[in-house]
Amino acid sequence: MTLTIVALLPALQNTNGDAENATVLGRRAEWAGLDARVVAVEAREQLPERVDAIVLGSGTDSSIEQSRAVLLTMHDELRTWGTEGVPILAVGTGWELLCWGIEQPDGSSIEGLGILPGRAVPAPARVTGDLVVASPRFGTLVGFENHARDYLGAEGSPLGRVRAGTGNGRDAGQEGVVMGSVIGTHLHGPVLAKNPAFADQLLGVVAERAGLAYEPGPRAAAVDAYAAAAREAQLGAVRAAAPLAQA
């Protein structure tokens, strides 16, 4: 069986390299001895017959309406995949497009697909910088955030607690949203390259759904050592700037 990892709209939704999270999943699956392929999907007719995981990266505000129009053509499929437990990782504006909607500074709004709870609302100022999150499911996650909107309505099912950075904002102390295997986050990086244990958790779900077993391959250990060094360097810089909040 060949596992199919879909990168949704990478031409529009990849301003921070987040579409490459699909490549991370595909490579780690191959290193574990599993057959896997990564498929870039820019339009509904390009959807493969089988989908085992989906990555939707972040785009610019100028591309939101165009991305939304394409995603609406896949609304039924996205909802079905989410209900059936197919892992969906949505980052930045990709996450915002899957939520209830996006409020604009002028008072207008863009209706989202409603796959995830919550709503994106204008922040007092753009948020950029390191983001460290303590996730009960995925452990300590590191990345960087770059967003001009806060996120409301996700308090019941966050990805984790913010230890450094802003996350969802509005003093919630939380980052991201999780509903089953559908995950929304502000963590850029791409997040799965910086946090291989996160990728392995998702691949575990992918493999189990396909009736397969997943164990990280020996090649992953060498790559993970680089990721660990990069994580520790980032955490060290964050600690030097300010103490990490308690998880």
# chains A, B, ... in the order shown; residues from 1 in each chain; ligands from 1
call {"tool": "select_by_dssp", "arguments": {"residues": "segment 142-172 of chain A", "states": "strand (DSSP E or B)", "output": "list of chain:residue names"}}
result
A:Val142, A:Gly143, A:Phe144, A:Glu145, A:Asn146, A:His147, A:Ala148, A:Arg149, A:Asp150, A:Tyr151, A:Leu152, A:Gly160, A:Arg161, A:Val162, A:Arg163, A:Ala164
call {"tool": "residues_around", "arguments": {"residues": "segment 169-183 of chain A", "least_positions_apart": "4", "cutoff": "6 Å", "atoms": "only C-alpha atoms", "output": "number ranges by chain"}}
result
A: 85, 87-89, 150, 154, 157-162
call {"tool": "atom_distance", "arguments": {"atom1": "atom CA of Gln234 of chain A", "atom2": "atom CA of Gly57 of chain A"}}
result
22.1 Å
call {"tool": "residues_around", "arguments": {"residues": "Thr140 of chain A", "least_positions_apart": "4", "cutoff": "10 Å", "atoms": "only C-alpha atoms", "output": "ChimeraX atom specification"}}
result
/A:132-136,160-163,195,197-198,231,247
call {"tool": "atom_distance", "arguments": {"atom1": "atom CA of Val86 of chain A", "atom2": "atom CA of Leu152 of chain A"}}
result
24.5 Å
call {"tool": "residues_around", "arguments": {"residues": "segment 14-24 of chain A", "least_positions_apart": "6", "cutoff": "8 Å", "atoms": "only C-alpha atoms", "output": "ChimeraX atom specification"}}
result
/A:5-8,38,54-60,91,188-193,199
call {"tool": "write_last_selection", "arguments": {"atoms": "N, CA, C and O atoms", "output": "compact mmCIF listing (two decimals), in the first residue's frame"}}
result
# COMPACT_ATOMS: atom_id res chain seq x y z
N ILE A 5 0.23 11.54 0.89
CA ILE A 5 0.25 12.78 1.67
C ILE A 5 -0.06 13.93 0.72
O ILE A 5 0.65 14.15 -0.25
N VAL A 6 -1.12 14.67 1.00
CA VAL A 6 -1.55 15.75 0.12
C VAL A 6 -1.09 17.10 0.65
O VAL A 6 -1.34 17.43 1.82
N ALA A 7 -0.40 17.86 -0.19
CA ALA A 7 -0.10 19.26 0.10
C ALA A 7 -1.13 20.10 -0.64
O ALA A 7 -1.12 20.17 -1.87
N LEU A 8 -2.02 20.72 0.13
CA LEU A 8 -3.11 21.49 -0.47
C LEU A 8 -2.66 22.91 -0.82
O LEU A 8 -2.10 23.62 0.02
N VAL A 38 4.04 12.19 -1.99
CA VAL A 38 3.49 13.51 -1.68
C VAL A 38 2.88 14.06 -2.96
O VAL A 38 3.54 14.12 -4.00
N ILE A 54 -3.18 15.30 5.17
CA ILE A 54 -3.31 16.56 4.43
C ILE A 54 -2.54 17.65 5.16
O ILE A 54 -2.63 17.77 6.39
N VAL A 55 -1.82 18.46 4.40
CA VAL A 55 -1.16 19.64 4.92
C VAL A 55 -1.66 20.86 4.16
O VAL A 55 -1.68 20.86 2.93
N LEU A 56 -2.10 21.87 4.90
CA LEU A 56 -2.53 23.14 4.30
C LEU A 56 -1.71 24.25 4.96
O LEU A 56 -1.88 24.53 6.14
N GLY A 57 -0.81 24.85 4.19
CA GLY A 57 0.07 25.85 4.74
C GLY A 57 -0.55 27.23 4.83
O GLY A 57 -1.76 27.41 4.65
N SER A 58 0.29 28.21 5.11
CA SER A 58 -0.16 29.59 5.30
C SER A 58 0.14 30.42 4.06
O SER A 58 1.19 30.25 3.42
N GLY A 59 -0.77 31.31 3.72
CA GLY A 59 -0.58 32.21 2.59
C GLY A 59 -0.66 33.66 3.02
O GLY A 59 -0.77 33.97 4.20
N THR A 60 -0.62 34.55 2.06
CA THR A 60 -0.77 35.98 2.34
C THR A 60 -2.24 36.35 2.35
O THR A 60 -3.09 35.64 1.82
N VAL A 91 -1.93 25.41 8.93
CA VAL A 91 -1.06 26.39 9.57
C VAL A 91 -1.44 27.80 9.11
O VAL A 91 -1.73 28.03 7.94
N HIS A 188 5.08 28.09 12.65
CA HIS A 188 5.75 27.99 11.35
C HIS A 188 7.12 27.35 11.55
O HIS A 188 7.60 27.20 12.67
N GLY A 189 7.76 27.00 10.46
CA GLY A 189 9.11 26.49 10.64
C GLY A 189 9.77 25.79 9.47
O GLY A 189 10.87 26.17 9.13
N PRO A 190 9.19 24.80 8.80
CA PRO A 190 7.89 24.19 9.08
C PRO A 190 7.90 23.39 10.39
O PRO A 190 8.93 22.84 10.77
N VAL A 191 6.76 23.34 11.04
CA VAL A 191 6.69 22.83 12.41
C VAL A 191 7.11 21.36 12.51
O VAL A 191 7.72 20.95 13.50
N LEU A 192 6.81 20.53 11.51
CA LEU A 192 7.14 19.11 11.62
C LEU A 192 8.63 18.85 11.44
O LEU A 192 9.15 17.86 11.95
N ALA A 193 9.33 19.72 10.73
CA ALA A 193 10.78 19.57 10.62
C ALA A 193 11.46 19.92 11.93
O ALA A 193 12.44 19.28 12.32
N ALA A 199 5.64 14.98 14.04
CA ALA A 199 5.46 14.28 12.77
C ALA A 199 5.22 12.78 13.00
O ALA A 199 4.36 12.17 12.35
call {"tool": "closest_residue", "arguments": {"among": "A:Trp81, A:Gly114, A:Asp130, A:Ala32", "to": "Arg209 of chain A", "atoms": "only C-alpha atoms"}}
result
A:Trp81
call {"tool": "select_by_dssp", "arguments": {"residues": "segment 15-203 of chain A", "states": "alpha helix (DSSP H)", "output": "JSON, numbers by chain"}}
result
{"A": [21, 22, 23, 24, 25, 26, 27, 28, 29, 30, 31, 64, 65, 66, 67, 68, 69, 70, 71, 72, 75, 76, 77, 78, 79, 80, 81, 82, 83, 84, 93, 94, 95, 96, 97, 98, 191, 192, 193, 194, 196, 197, 198, 199, 200, 201, 202, 203]}
call {"tool": "write_last_selection", "arguments": {"atoms": "C-alpha atoms", "output": "PDB file, in the first residue's frame"}}
result
ATOM      1  CA  ASN A  21       5.356  19.706   6.257  1.00  0.00           C
ATOM      2  CA  ALA A  22       3.936  17.271   3.680  1.00  0.00           C
ATOM      3  CA  THR A  23       7.461  16.496   2.491  1.00  0.00           C
ATOM      4  CA  VAL A  24       8.531  15.838   6.085  1.00  0.00           C
ATOM      5  CA  LEU A  25       5.736  13.296   6.516  1.00  0.00           C
ATOM      6  CA  GLY A  26       6.534  11.621   3.225  1.00  0.00           C
ATOM      7  CA  ARG A  27      10.266  11.330   3.912  1.00  0.00           C
ATOM      8  CA  ARG A  28       9.846  10.012   7.443  1.00  0.00           C
ATOM      9  CA  ALA A  29       7.360   7.419   6.192  1.00  0.00           C
ATOM     10  CA  GLU A  30       9.891   6.295   3.559  1.00  0.00           C
ATOM     11  CA  TRP A  31      12.683   6.162   6.141  1.00  0.00           C
ATOM     12  CA  ILE A  64      -7.166  34.362   1.034  1.00  0.00           C
ATOM     13  CA  GLU A  65     -10.185  34.806  -1.247  1.00  0.00           C
ATOM     14  CA  GLN A  66      -8.592  32.779  -4.048  1.00  0.00           C
ATOM     15  CA  SER A  67      -7.602  29.991  -1.667  1.00  0.00           C
ATOM     16  CA  ARG A  68     -11.045  30.000  -0.077  1.00  0.00           C
ATOM     17  CA  ALA A  69     -12.726  29.639  -3.472  1.00  0.00           C
ATOM     18  CA  VAL A  70     -10.678  26.534  -4.248  1.00  0.00           C
ATOM     19  CA  LEU A  71     -11.135  25.018  -0.796  1.00  0.00           C
ATOM     20  CA  LEU A  72     -14.895  25.465  -1.039  1.00  0.00           C
ATOM     21  CA  HIS A  75     -15.575  21.258   1.379  1.00  0.00           C
ATOM     22  CA  ASP A  76     -17.392  17.914   1.453  1.00  0.00           C
ATOM     23  CA  GLU A  77     -14.164  15.944   1.117  1.00  0.00           C
ATOM     24  CA  LEU A  78     -12.422  17.949   3.854  1.00  0.00           C
ATOM     25  CA  ARG A  79     -15.330  17.457   6.223  1.00  0.00           C
ATOM     26  CA  THR A  80     -15.446  13.726   5.476  1.00  0.00           C
ATOM     27  CA  TRP A  81     -11.702  13.305   5.973  1.00  0.00           C
ATOM     28  CA  GLY A  82     -11.840  15.190   9.253  1.00  0.00           C
ATOM     29  CA  THR A  83     -14.744  13.061  10.469  1.00  0.00           C
ATOM     30  CA  GLU A  84     -13.023   9.839   9.445  1.00  0.00           C
ATOM     31  CA  THR A  93      -4.140  31.395   7.173  1.00  0.00           C
ATOM     32  CA  GLY A  94      -4.704  27.782   6.136  1.00  0.00           C
ATOM     33  CA  TRP A  95      -6.043  27.175   9.632  1.00  0.00           C
ATOM     34  CA  GLU A  96      -8.076  30.392   9.539  1.00  0.00           C
ATOM     35  CA  LEU A  97      -9.730  29.321   6.293  1.00  0.00           C
ATOM     36  CA  LEU A  98     -10.872  26.066   7.918  1.00  0.00           C
ATOM     37  CA  VAL A 191       6.690  22.825  12.408  1.00  0.00           C
ATOM     38  CA  LEU A 192       7.144  19.114  11.615  1.00  0.00           C
ATOM     39  CA  ALA A 193      10.781  19.574  10.615  1.00  0.00           C
ATOM     40  CA  LYS A 194      11.543  21.330  13.903  1.00  0.00           C
ATOM     41  CA  PRO A 196       9.939  15.365  14.554  1.00  0.00           C
ATOM     42  CA  ALA A 197       8.050  13.756  17.445  1.00  0.00           C
ATOM     43  CA  PHE A 198       4.993  15.706  16.270  1.00  0.00           C
ATOM     44  CA  ALA A 199       5.455  14.278  12.766  1.00  0.00           C
ATOM     45  CA  ASP A 200       5.855  10.764  14.171  1.00  0.00           C
ATOM     46  CA  GLN A 201       2.615  11.046  16.142  1.00  0.00           C
ATOM     47  CA  LEU A 202       0.754  12.007  12.969  1.00  0.00           C
ATOM     48  CA  LEU A 203       2.396   9.209  11.005  1.00  0.00           C
TER      49      LEU A 203
END
call {"tool": "atom_distance", "arguments": {"atom1": "atom CA of Gly204 of chain A", "atom2": "atom CA of Met1 of chain A"}}
result
15.4 Å
call {"tool": "closest_residue", "arguments": {"among": "A:Leu3, A:Val121, A:Ala242, A:Leu9", "to": "Ser109 of chain A", "atoms": "only C-alpha atoms"}}
result
A:Val121
call {"tool": "closest_residue", "arguments": {"among": "A:Ala148, A:Ala120, A:Leu131, A:Leu47", "to": "Gly101 of chain A", "atoms": "only C-alpha atoms"}}
result
A:Ala120
call {"tool": "closest_atom_pairs", "arguments": {"of": "segment 125-228 of chain A", "to": "segment 48-52 of chain A", "cutoff": "9 Å", "atoms": "only C-alpha atoms", "output": "CSV"}}
result
residue,atom,partner,partner_atom,distance
A:Val206,CA,A:Asp52,CA,6.0
A:Ala207,CA,A:Asp52,CA,8.6
A:Arg209,CA,A:Asp52,CA,8.2
A:Ala210,CA,A:Asp52,CA,8.0
call {"tool": "closest_residue", "arguments": {"among": "A:Pro105, A:Pro216, A:Gly165, A:Pro124", "to": "Val142 of chain A", "atoms": "only C-alpha atoms"}}
result
A:Gly165
